Amino acid sequence: MRLPKAYEPKKYESGIYALWEKSGAFAPKEHPSTALGAGGAKDVYSLVAPPPNANADLHIGYALTMAIEDALVRYHRMTGKSTLFVPGADHAGFETWVVYEKKLSSEGKSRFDFSREELYKQVWDFVELNKHNLQSQIRAMGASVDWSRFLYTLDNKVVAQAYDTFKKMWDEELIYRGQRIVNYCTFHGTSFADIEVVHEQEDTKLWHIAYPLVEQGSPSTELGVKEVVIATTRPETKLGQAALMVHPDDERYKHLIGKLVNQPLVPGSPIPIIADEYVEREFGTGVVTVTPGHDPNDFEVAKRHNLPATELITTEGKMSENVPETFRGLPLTEARDIVVQALEKGGYLRKVEGYTHSIGKCYRCGTPIEPLLREQWFIKMRPLADKATSALKANKIRFYPASKKDQTIRYLEEVRDWNISRQIAWGIPIPAFVNTADESDWIFDTRVDREEIDVDGKTYKRDPDVFDTWFSSGHWPLVTLDYPEGEDFKRFYPLSLMETGGEILYQWVARMIMLGLYHTGEVPFKDVYIHGYVMAEDGAKMSKSLGNVVDPLKLIDEYGSDALRAGLLTGRRPAVNQGYHPAKIKAARNFANKLWNIARYTEGVLEGRTLLQGATLQAETIADHWILNKSSIISEEVAKAMEAYRISEAYELVYYFVWHDFADWYVEASKLQPNNAVLANVLETSLKIAHPFLPFVTETIWQTLAWEQDSLLIIQPWPTAVVADAGKAAEFEKLKNIITEIRWLKALSGTKVERIHYQGSANAPYADLIAKLAGVGQVSQAPEGYAGGVPLSAENADWRLDIDPAAVSERLAAKHAEHNALISSLQNRLANQDYLDKAPTELVEETKAQLAEAQTNLTHLENIQKTLKL
RNA sequence: GGGGUUGUAGCUCAGUCGGCUAGAGCGCAGCAUUCACAUUGCUGAGGUCGGGGGUUCAAGUCCCUCCAGCCCCACCA
């Protein structure tokens, strides 16, 4: 025998993968109907894998992505479509940056030890190494991706596309320079991404400061209100406010909206009291100051109310020129105490209380992060988003689950302009230069390898910023397909599917839709499938800091790649987070082994297939008809489930069919009544329908049994229906019921059933099968007038078991009660006139039939009990 | 704070158009087993479908409400 006793994945996986890769099966096949201009539905299935971050090993969530996508691709490939599945890797801007800094810090170094160029080179090398690892990990997962099309987000064509879009938008005035608050470390002299800021709880104070109302004989003065008190944790920023702000519905302050107040310590610069819903009435006094230059939220408020943003703190961490003279140039560390003293002296300080809140700090030096204004690049989103919204509302894209579509639409309707510049070295440099003599004179130029360029006798300096990674990866469907001239673009755009995690629905999916529409006028993909997270076993999120991260490669090593894939898919719905469960992976491993052993049995029976020579597929026994009928139905059901993205259900259908229909019933029955052609056929069907979920074991079996010369399972056609007699199939179903009933009676009586008698010669052909499958010694025809033993259920009453009636009496009584309960429930339903009137007639008829059947069963049972004198 | 999602057997989850006498896998209990597989087979016990209300002839499924968990995004002057 060529197949050893148990399936050992490690022995075969890498060889099988190499075989597929070498065969060219991963590349889309040429097909006339997929050519450009063919019109109508294209016979293709295309998707691009979300490029994993090339800054670490693949995590288990990516294994799930691959399990889903590869199952779909393999299924569609077998249905005869030309499939395109493109792999890639992401340079992952900020995240890689943070990962690399951690690496540096573990070596006692930091980013400030290197020049920008040195650093870029180092990160590049670091990512190259990871990219290589990722590729072998994706191979280990069995993904049938086309490696010749592998794309990295810093590859030239990606950069070129980003520049092209930037230029096009620049020309169309969709790009503009705008202000935005950034996280600035005054010690390091650089800004940080939100994820680089560490938040720490700190004990501080809440200072209550009075703002005197400007006297104008206003009603408020008449009411005796002379001042408004605010509460703040940052008194030093109160040296130049844009406004005070209250909640529009706050009864305490409603009458003050629109009034002016004087600023303490800032003579002669009255500011208005405005109303904005952003204010939380419960906090402090319910009145807050608006500091647009140093608070992101205030900046948004100021934009809404057309208030100016003033710089109060410089990049060096000192009070700026815009504060009253006495405070200018003060370092922040001293400014607070001095301002508080001045406030107290001036009589403005009303109260000081203790307060604990979280403060953003530089993750390296611990200096509090200053939110400072900086000029950034922005994209005007409204025109792009509106197009996307109407495409979605016109159902150009189907979402799985459907609720994600509404979520995306809501995001698009509320989208704000997109800040696409980032203040790090790692990424695609922004192709823009600024006139050294005129800060407002920006030009587009792609010579980003140069610090300075001369144009028309003027010197321009390169913008040191890079693009947000989502700006370039938002072009993914375009760049992977070689937009606009590539053959792939013509054949495969729009993609059939975009499959990804829900957390990047806005960041990535929405942007791809907008950019795809922007360039081509067409949506970039037809379907969106969102998967949930793979959580830790206890349902918590997997994270390195919690130490509950599970390494997919270790699981592949232990259980096999197939087991990991199928185990992750089991019982999963789209967009729902679910824990990782070793038991599911184990179950899948056992299933792979089950397939293996069915194959092993078949191999033995067929003696290396020699027995099949010249044999045609012809169902003989009722078991043959039954299994062929089942296999036809199941192939179709699995296909339907896959088309509807009910992937886990599809897998479970395969699992049940192979294990419980094929192995448990058919293989056992065929041992008595062999039909080698049927056995081989059903094994082939099983391998085919299991292939999308368990590609390695199924292909290994296919190769080892060598059904045909140089034949690959991966490109076999999906099974089509086999002709079988449904009536004979139903007969076998009845036989199964008899056998199950005998086993049940046997088990519950705890005694051996020595003999079964049957009445009528029609049952004779099944005697041996029943003896074997039910495990009964002797099955023979009953003598004339035989009334011994216990008859089976009403339907199978011509079978009688030689068994001690006392052993089953308790069980029969319980059964009796069950019948009665059912009968009364059915009777109640039929006694309801509304039910008879309003329910569909078929249903009422069905209920009547059920009642009749239940009553027959009951009568039968009572007869048995009477006969047995129970 | 905004958004999303989940609650069904001891555990993990299915349950599509409302027709349910609510399913599966694991676990558990009992039994079996030279004959492909102990990564096995057979049989069984386990449920007021989170609580309350409503719509309907009929609700696990639709609506309202409450409770509990989890996730994403944004963050507190």
# chains A, B, ... in the order shown; residues from 1 in each chain; ligands from 1
>>> residues_around(residues="segment 741-758 of chain A", least_positions_apart="2", cutoff="10 Å", atoms="only C-alpha atoms (C1' of nucleotides)", output="MDAnalysis selection string")
(chainID A and resid 735:739 760:764 767 770:771 773:783 786:793 796:812) or (chainID B and resid 30:31 42:44)
>>> residues_around(residues="Lys22 of chain A", least_positions_apart="6", cutoff="12 Å", atoms="only C-alpha atoms (C1' of nucleotides)", output="number ranges by chain")
A: 15-16, 144, 146-148, 712
>>> write_last_selection(atoms="all heavy atoms", output="short mmCIF file (atom, residue, chain, number, x, y, z; two decimals), in the first residue's frame")
data_model
loop_
_atom_site.label_atom_id
_atom_site.label_comp_id
_atom_site.auth_asym_id
_atom_site.auth_seq_id
_atom_site.Cartn_x
_atom_site.Cartn_y
_atom_site.Cartn_z
N GLY A 15 5.94 19.57 -0.95
CA GLY A 15 6.05 18.94 -2.26
C GLY A 15 4.82 19.22 -3.11
O GLY A 15 4.93 19.52 -4.31
N ILE A 16 3.66 19.13 -2.50
CA ILE A 16 2.42 19.37 -3.22
C ILE A 16 2.36 20.82 -3.68
O ILE A 16 1.98 21.12 -4.81
CB ILE A 16 1.20 19.01 -2.33
CG1 ILE A 16 1.11 17.50 -2.13
CG2 ILE A 16 -0.09 19.57 -2.91
CD1 ILE A 16 0.68 16.71 -3.35
N SER A 144 -3.33 29.63 -3.33
CA SER A 144 -3.06 29.42 -4.75
C SER A 144 -2.96 30.76 -5.47
O SER A 144 -3.71 31.06 -6.38
CB SER A 144 -4.13 28.53 -5.36
OG SER A 144 -5.41 29.09 -5.21
N ASP A 146 -0.99 33.82 -7.62
CA ASP A 146 -0.10 33.91 -8.78
C ASP A 146 1.14 34.73 -8.41
O ASP A 146 1.09 35.97 -8.40
CB ASP A 146 -0.85 34.56 -9.94
CG ASP A 146 0.01 34.59 -11.20
OD1 ASP A 146 1.21 34.27 -11.12
OD2 ASP A 146 -0.53 34.92 -12.27
N TRP A 147 2.22 34.03 -8.11
CA TRP A 147 3.41 34.72 -7.59
C TRP A 147 4.04 35.65 -8.62
O TRP A 147 4.75 36.59 -8.26
CB TRP A 147 4.44 33.71 -7.10
CG TRP A 147 3.98 33.03 -5.84
CD1 TRP A 147 3.52 31.76 -5.72
CD2 TRP A 147 3.90 33.62 -4.54
NE1 TRP A 147 3.15 31.51 -4.42
CE2 TRP A 147 3.37 32.64 -3.67
CE3 TRP A 147 4.19 34.88 -4.02
CZ2 TRP A 147 3.15 32.87 -2.31
CZ3 TRP A 147 3.98 35.11 -2.67
CH2 TRP A 147 3.47 34.11 -1.83
N SER A 148 3.80 35.39 -9.89
CA SER A 148 4.42 36.25 -10.91
C SER A 148 3.83 37.65 -10.85
O SER A 148 4.37 38.59 -11.38
CB SER A 148 4.21 35.66 -12.30
OG SER A 148 2.86 35.78 -12.67
N LEU A 712 -3.89 16.86 -12.14
CA LEU A 712 -3.87 17.64 -10.91
C LEU A 712 -5.31 17.85 -10.42
O LEU A 712 -6.17 18.27 -11.20
CB LEU A 712 -3.24 19.01 -11.15
CG LEU A 712 -1.73 19.10 -11.31
CD1 LEU A 712 -1.35 20.49 -11.75
CD2 LEU A 712 -1.04 18.73 -10.01
#
>>> select_by_dssp(residues="segment 661-799 of chain A", states="helix (DSSP H, G or I)", output="VMD selection string")
chain A and resid 661 to 672 676 to 690 695 to 705 713 to 715 726 to 749 761 to 774 794 to 796
>>> write_last_selection(atoms="C-alpha atoms", output="PDB file, in the first residue's frame")
ATOM      1  CA  ASP A 661     -22.896   9.490   4.448  1.00  0.00           C
ATOM      2  CA  PHE A 662     -19.958   8.164   2.532  1.00  0.00           C
ATOM      3  CA  ALA A 663     -17.738   6.593   5.200  1.00  0.00           C
ATOM      4  CA  ASP A 664     -20.272   5.562   7.831  1.00  0.00           C
ATOM      5  CA  TRP A 665     -22.931   4.189   5.530  1.00  0.00           C
ATOM      6  CA  TYR A 666     -21.807   3.664   1.987  1.00  0.00           C
ATOM      7  CA  VAL A 667     -18.331   2.298   2.602  1.00  0.00           C
ATOM      8  CA  GLU A 668     -19.723  -0.069   5.215  1.00  0.00           C
ATOM      9  CA  ALA A 669     -22.536  -1.218   2.955  1.00  0.00           C
ATOM     10  CA  SER A 670     -20.182  -1.633   0.023  1.00  0.00           C
ATOM     11  CA  LYS A 671     -18.061  -4.075   1.979  1.00  0.00           C
ATOM     12  CA  LEU A 672     -20.928  -6.516   1.562  1.00  0.00           C
ATOM     13  CA  ASN A 676     -15.798  -0.461  -7.330  1.00  0.00           C
ATOM     14  CA  ALA A 677     -16.776   2.057  -9.956  1.00  0.00           C
ATOM     15  CA  VAL A 678     -19.209   3.726  -7.584  1.00  0.00           C
ATOM     16  CA  LEU A 679     -16.718   3.672  -4.736  1.00  0.00           C
ATOM     17  CA  ALA A 680     -14.083   5.301  -6.912  1.00  0.00           C
ATOM     18  CA  ASN A 681     -16.521   7.839  -8.273  1.00  0.00           C
ATOM     19  CA  VAL A 682     -17.728   8.948  -4.872  1.00  0.00           C
ATOM     20  CA  LEU A 683     -14.173   9.189  -3.602  1.00  0.00           C
ATOM     21  CA  GLU A 684     -13.349  11.415  -6.559  1.00  0.00           C
ATOM     22  CA  THR A 685     -16.345  13.597  -5.875  1.00  0.00           C
ATOM     23  CA  SER A 686     -15.411  13.793  -2.204  1.00  0.00           C
ATOM     24  CA  LEU A 687     -11.865  14.852  -3.021  1.00  0.00           C
ATOM     25  CA  LYS A 688     -13.124  17.499  -5.393  1.00  0.00           C
ATOM     26  CA  ILE A 689     -15.665  19.068  -3.118  1.00  0.00           C
ATOM     27  CA  ALA A 690     -13.287  18.940  -0.156  1.00  0.00           C
ATOM     28  CA  PRO A 695      -6.270  21.354  -0.609  1.00  0.00           C
ATOM     29  CA  PHE A 696      -3.178  19.486   0.574  1.00  0.00           C
ATOM     30  CA  VAL A 697      -4.622  16.189   1.744  1.00  0.00           C
ATOM     31  CA  THR A 698      -6.991  15.946  -1.193  1.00  0.00           C
ATOM     32  CA  GLU A 699      -4.251  16.608  -3.729  1.00  0.00           C
ATOM     33  CA  THR A 700      -1.895  14.254  -1.922  1.00  0.00           C
ATOM     34  CA  ILE A 701      -4.443  11.471  -2.191  1.00  0.00           C
ATOM     35  CA  TRP A 702      -5.105  12.350  -5.813  1.00  0.00           C
ATOM     36  CA  GLN A 703      -1.408  12.184  -6.599  1.00  0.00           C
ATOM     37  CA  THR A 704      -0.712   9.034  -4.622  1.00  0.00           C
ATOM     38  CA  LEU A 705      -3.567   7.102  -6.110  1.00  0.00           C
ATOM     39  CA  LEU A 713      -6.840  17.825  -8.596  1.00  0.00           C
ATOM     40  CA  ILE A 714      -6.534  21.609  -8.342  1.00  0.00           C
ATOM     41  CA  ILE A 715      -7.725  22.022 -11.930  1.00  0.00           C
ATOM     42  CA  ALA A 726     -34.358   8.447  -6.462  1.00  0.00           C
ATOM     43  CA  GLY A 727     -36.834   5.716  -5.531  1.00  0.00           C
ATOM     44  CA  LYS A 728     -34.073   3.234  -4.831  1.00  0.00           C
ATOM     45  CA  ALA A 729     -32.205   5.892  -2.927  1.00  0.00           C
ATOM     46  CA  ALA A 730     -35.277   6.374  -0.736  1.00  0.00           C
ATOM     47  CA  GLU A 731     -35.383   2.642  -0.160  1.00  0.00           C
ATOM     48  CA  PHE A 732     -31.907   2.757   1.288  1.00  0.00           C
ATOM     49  CA  GLU A 733     -32.954   5.652   3.455  1.00  0.00           C
ATOM     50  CA  LYS A 734     -35.696   3.418   4.874  1.00  0.00           C
ATOM     51  CA  LEU A 735     -33.194   0.656   5.468  1.00  0.00           C
ATOM     52  CA  LYS A 736     -31.033   3.107   7.380  1.00  0.00           C
ATOM     53  CA  ASN A 737     -33.975   3.890   9.617  1.00  0.00           C
ATOM     54  CA  ILE A 738     -34.528   0.223  10.328  1.00  0.00           C
ATOM     55  CA  ILE A 739     -30.894  -0.272  11.168  1.00  0.00           C
ATOM     56  CA  THR A 740     -30.795   2.797  13.388  1.00  0.00           C
ATOM     57  CA  GLU A 741     -33.868   1.587  15.209  1.00  0.00           C
ATOM     58  CA  ILE A 742     -32.383  -1.843  15.785  1.00  0.00           C
ATOM     59  CA  ARG A 743     -29.164  -0.339  17.099  1.00  0.00           C
ATOM     60  CA  TRP A 744     -31.158   1.888  19.379  1.00  0.00           C
ATOM     61  CA  LEU A 745     -33.222  -0.949  20.821  1.00  0.00           C
ATOM     62  CA  LYS A 746     -30.111  -3.016  21.187  1.00  0.00           C
ATOM     63  CA  ALA A 747     -28.234  -0.309  23.022  1.00  0.00           C
ATOM     64  CA  LEU A 748     -31.021   0.642  25.374  1.00  0.00           C
ATOM     65  CA  SER A 749     -31.955  -2.906  26.253  1.00  0.00           C
ATOM     66  CA  SER A 761     -39.863 -12.135   0.945  1.00  0.00           C
ATOM     67  CA  ALA A 762     -39.354  -8.590  -0.330  1.00  0.00           C
ATOM     68  CA  ASN A 763     -37.155  -7.967   2.680  1.00  0.00           C
ATOM     69  CA  ALA A 764     -34.911 -10.946   2.026  1.00  0.00           C
ATOM     70  CA  PRO A 765     -32.271  -9.067  -0.026  1.00  0.00           C
ATOM     71  CA  TYR A 766     -31.619  -6.738   2.904  1.00  0.00           C
ATOM     72  CA  ALA A 767     -31.139  -9.380   5.527  1.00  0.00           C
ATOM     73  CA  ASP A 768     -27.372  -9.597   5.252  1.00  0.00           C
ATOM     74  CA  LEU A 769     -26.924  -5.846   5.169  1.00  0.00           C
ATOM     75  CA  ILE A 770     -28.989  -5.443   8.300  1.00  0.00           C
ATOM     76  CA  ALA A 771     -27.156  -8.223  10.041  1.00  0.00           C
ATOM     77  CA  LYS A 772     -23.854  -6.542   9.320  1.00  0.00           C
ATOM     78  CA  LEU A 773     -24.714  -2.901   9.884  1.00  0.00           C
ATOM     79  CA  ALA A 774     -26.899  -3.446  12.915  1.00  0.00           C
ATOM     80  CA  ALA A 794     -45.182   1.276  12.613  1.00  0.00           C
ATOM     81  CA  GLU A 795     -43.372   1.924   9.364  1.00  0.00           C
ATOM     82  CA  ASN A 796     -41.032  -1.010   9.827  1.00  0.00           C
TER      83      ASN A 796
END
>>> closest_atom_pairs(of="chain A", to="chain B", cutoff="7 Å", atoms="only C-alpha atoms (C1' of nucleotides)", output="JSON lines")
{"residue": "A:Thr232", "atom": "CA", "partner": "B:A77", "partner_atom": "C1'", "distance": 6.1}
{"residue": "A:Val288", "atom": "CA", "partner": "B:A77", "partner_atom": "C1'", "distance": 6.3}
{"residue": "A:Glu503", "atom": "CA", "partner": "B:C72", "partner_atom": "C1'", "distance": 5.9}
{"residue": "A:Gly571", "atom": "CA", "partner": "B:C13", "partner_atom": "C1'", "distance": 5.5}
{"residue": "A:Val576", "atom": "CA", "partner": "B:U5", "partner_atom": "C1'", "distance": 6.9}
{"residue": "A:Ala583", "atom": "CA", "partner": "B:C26", "partner_atom": "C1'", "distance": 6.5}
{"residue": "A:Asn590", "atom": "CA", "partner": "B:U39", "partner_atom": "C1'", "distance": 4.6}
{"residue": "A:Asn593", "atom": "CA", "partner": "B:U39", "partner_atom": "C1'", "distance": 6.4}
{"residue": "A:Lys594", "atom": "CA", "partner": "B:C37", "partner_atom": "C1'", "distance": 6.3}
{"residue": "A:Asn597", "atom": "CA", "partner": "B:A36", "partner_atom": "C1'", "distance": 4.9}
{"residue": "A:Ile598", "atom": "CA", "partner": "B:A36", "partner_atom": "C1'", "distance": 5.8}
{"residue": "A:Arg600", "atom": "CA", "partner": "B:A36", "partner_atom": "C1'", "distance": 5.5}
{"residue": "A:Tyr601", "atom": "CA", "partner": "B:A36", "partner_atom": "C1'", "distance": 4.0}
{"residue": "A:Trp744", "atom": "CA", "partner": "B:U43", "partner_atom": "C1'", "distance": 6.0}
{"residue": "A:Ala747", "atom": "CA", "partner": "B:U43", "partner_atom": "C1'", "distance": 5.6}
{"residue": "A:Leu822", "atom": "CA", "partner": "B:U21", "partner_atom": "C1'", "distance": 6.7}
{"residue": "A:Asp834", "atom": "CA", "partner": "B:C57", "partner_atom": "C1'", "distance": 4.6}
{"residue": "A:Tyr835", "atom": "CA", "partner": "B:C57", "partner_atom": "C1'", "distance": 3.8}
{"residue": "A:Lys838", "atom": "CA", "partner": "B:C57", "partner_atom": "C1'", "distance": 5.7}
{"residue": "A:Ala839", "atom": "CA", "partner": "B:C57", "partner_atom": "C1'", "distance": 6.2}
>>> write_last_selection(atoms="N, CA, C and O atoms", output="PDB file, in the first residue's frame")
ATOM      1  N   THR A 232      -9.999  74.740  33.632  1.00  0.00           N
ATOM      2  CA  THR A 232      -8.989  74.300  32.674  1.00  0.00           C
ATOM      3  C   THR A 232      -7.861  73.553  33.359  1.00  0.00           C
ATOM      4  O   THR A 232      -7.565  73.776  34.533  1.00  0.00           O
ATOM      5  N   VAL A 288     -16.216  76.408  28.428  1.00  0.00           N
ATOM      6  CA  VAL A 288     -14.821  76.066  28.122  1.00  0.00           C
ATOM      7  C   VAL A 288     -14.249  77.108  27.170  1.00  0.00           C
ATOM      8  O   VAL A 288     -14.990  77.811  26.481  1.00  0.00           O
ATOM      9  N   GLU A 503     -12.147  46.237  10.314  1.00  0.00           N
ATOM     10  CA  GLU A 503     -11.528  47.420  10.918  1.00  0.00           C
ATOM     11  C   GLU A 503     -10.984  48.386   9.873  1.00  0.00           C
ATOM     12  O   GLU A 503     -10.712  49.536  10.176  1.00  0.00           O
ATOM     13  N   GLY A 571     -17.831  27.153  11.517  1.00  0.00           N
ATOM     14  CA  GLY A 571     -18.748  27.905  12.359  1.00  0.00           C
ATOM     15  C   GLY A 571     -18.524  29.395  12.369  1.00  0.00           C
ATOM     16  O   GLY A 571     -18.746  30.042  13.371  1.00  0.00           O
ATOM     17  N   VAL A 576     -18.190  38.624  12.174  1.00  0.00           N
ATOM     18  CA  VAL A 576     -18.385  38.344  13.586  1.00  0.00           C
ATOM     19  C   VAL A 576     -17.075  37.804  14.171  1.00  0.00           C
ATOM     20  O   VAL A 576     -16.495  36.855  13.649  1.00  0.00           O
ATOM     21  N   ALA A 583      -9.853  22.874  19.421  1.00  0.00           N
ATOM     22  CA  ALA A 583     -10.707  21.702  19.186  1.00  0.00           C
ATOM     23  C   ALA A 583     -11.201  21.664  17.742  1.00  0.00           C
ATOM     24  O   ALA A 583     -11.341  20.590  17.153  1.00  0.00           O
ATOM     25  N   ASN A 590      -8.720  15.615  12.115  1.00  0.00           N
ATOM     26  CA  ASN A 590      -9.316  14.280  12.091  1.00  0.00           C
ATOM     27  C   ASN A 590     -10.074  14.029  10.793  1.00  0.00           C
ATOM     28  O   ASN A 590     -10.088  12.919  10.271  1.00  0.00           O
ATOM     29  N   ASN A 593      -7.765  13.134   8.124  1.00  0.00           N
ATOM     30  CA  ASN A 593      -7.365  11.745   8.308  1.00  0.00           C
ATOM     31  C   ASN A 593      -8.459  10.777   7.873  1.00  0.00           C
ATOM     32  O   ASN A 593      -8.185   9.689   7.363  1.00  0.00           O
ATOM     33  N   LYS A 594      -9.708  11.204   8.059  1.00  0.00           N
ATOM     34  CA  LYS A 594     -10.838  10.380   7.616  1.00  0.00           C
ATOM     35  C   LYS A 594     -10.801  10.215   6.105  1.00  0.00           C
ATOM     36  O   LYS A 594     -10.911   9.100   5.586  1.00  0.00           O
ATOM     37  N   ASN A 597      -8.171   7.866   5.114  1.00  0.00           N
ATOM     38  CA  ASN A 597      -8.443   6.447   5.337  1.00  0.00           C
ATOM     39  C   ASN A 597      -9.499   5.891   4.412  1.00  0.00           C
ATOM     40  O   ASN A 597      -9.483   4.699   4.100  1.00  0.00           O
ATOM     41  N   ILE A 598     -10.407   6.738   3.973  1.00  0.00           N
ATOM     42  CA  ILE A 598     -11.352   6.284   2.945  1.00  0.00           C
ATOM     43  C   ILE A 598     -10.550   5.954   1.689  1.00  0.00           C
ATOM     44  O   ILE A 598     -10.768   4.935   1.023  1.00  0.00           O
ATOM     45  N   ARG A 600      -7.467   5.144   1.587  1.00  0.00           N
ATOM     46  CA  ARG A 600      -6.638   3.989   1.875  1.00  0.00           C
ATOM     47  C   ARG A 600      -7.454   2.700   1.667  1.00  0.00           C
ATOM     48  O   ARG A 600      -6.996   1.744   1.064  1.00  0.00           O
ATOM     49  N   TYR A 601      -8.678   2.749   2.155  1.00  0.00           N
ATOM     50  CA  TYR A 601      -9.559   1.592   1.975  1.00  0.00           C
ATOM     51  C   TYR A 601      -9.807   1.365   0.486  1.00  0.00           C
ATOM     52  O   TYR A 601      -9.714   0.251  -0.020  1.00  0.00           O
ATOM     53  N   TRP A 744     -30.639   1.150  18.222  1.00  0.00           N
ATOM     54  CA  TRP A 744     -31.158   1.888  19.379  1.00  0.00           C
ATOM     55  C   TRP A 744     -31.750   0.937  20.410  1.00  0.00           C
ATOM     56  O   TRP A 744     -31.437   0.995  21.595  1.00  0.00           O
ATOM     57  N   ALA A 747     -29.024  -1.048  22.045  1.00  0.00           N
ATOM     58  CA  ALA A 747     -28.234  -0.309  23.022  1.00  0.00           C
ATOM     59  C   ALA A 747     -29.018  -0.066  24.302  1.00  0.00           C
ATOM     60  O   ALA A 747     -28.486  -0.198  25.393  1.00  0.00           O
ATOM     61  N   LEU A 822     -47.011  14.951  21.157  1.00  0.00           N
ATOM     62  CA  LEU A 822     -47.030  15.426  19.783  1.00  0.00           C
ATOM     63  C   LEU A 822     -48.452  15.476  19.253  1.00  0.00           C
ATOM     64  O   LEU A 822     -48.872  16.456  18.638  1.00  0.00           O
ATOM     65  N   ASP A 834     -58.587  29.834  13.083  1.00  0.00           N
ATOM     66  CA  ASP A 834     -57.730  30.833  12.427  1.00  0.00           C
ATOM     67  C   ASP A 834     -56.604  30.176  11.651  1.00  0.00           C
ATOM     68  O   ASP A 834     -56.235  30.606  10.563  1.00  0.00           O
ATOM     69  N   TYR A 835     -56.047  29.123  12.275  1.00  0.00           N
ATOM     70  CA  TYR A 835     -54.964  28.403  11.613  1.00  0.00           C
ATOM     71  C   TYR A 835     -55.469  27.792  10.301  1.00  0.00           C
ATOM     72  O   TYR A 835     -54.850  27.940   9.261  1.00  0.00           O
ATOM     73  N   LYS A 838     -56.115  30.767   7.827  1.00  0.00           N
ATOM     74  CA  LYS A 838     -55.058  31.681   7.399  1.00  0.00           C
ATOM     75  C   LYS A 838     -53.749  31.028   6.978  1.00  0.00           C
ATOM     76  O   LYS A 838     -53.007  31.607   6.182  1.00  0.00           O
ATOM     77  N   ALA A 839     -53.450  29.877   7.525  1.00  0.00           N
ATOM     78  CA  ALA A 839     -52.186  29.237   7.135  1.00  0.00           C
ATOM     79  C   ALA A 839     -52.323  28.679   5.723  1.00  0.00           C
ATOM     80  O   ALA A 839     -53.421  28.347   5.289  1.00  0.00           O
TER      81      ALA A 839
END
>>> closest_residue(among="A:Thr315, A:Thr326, A:Thr436, A:Gln507", to="Val415 of chain A", atoms="only C-alpha atoms")
A:Gln507
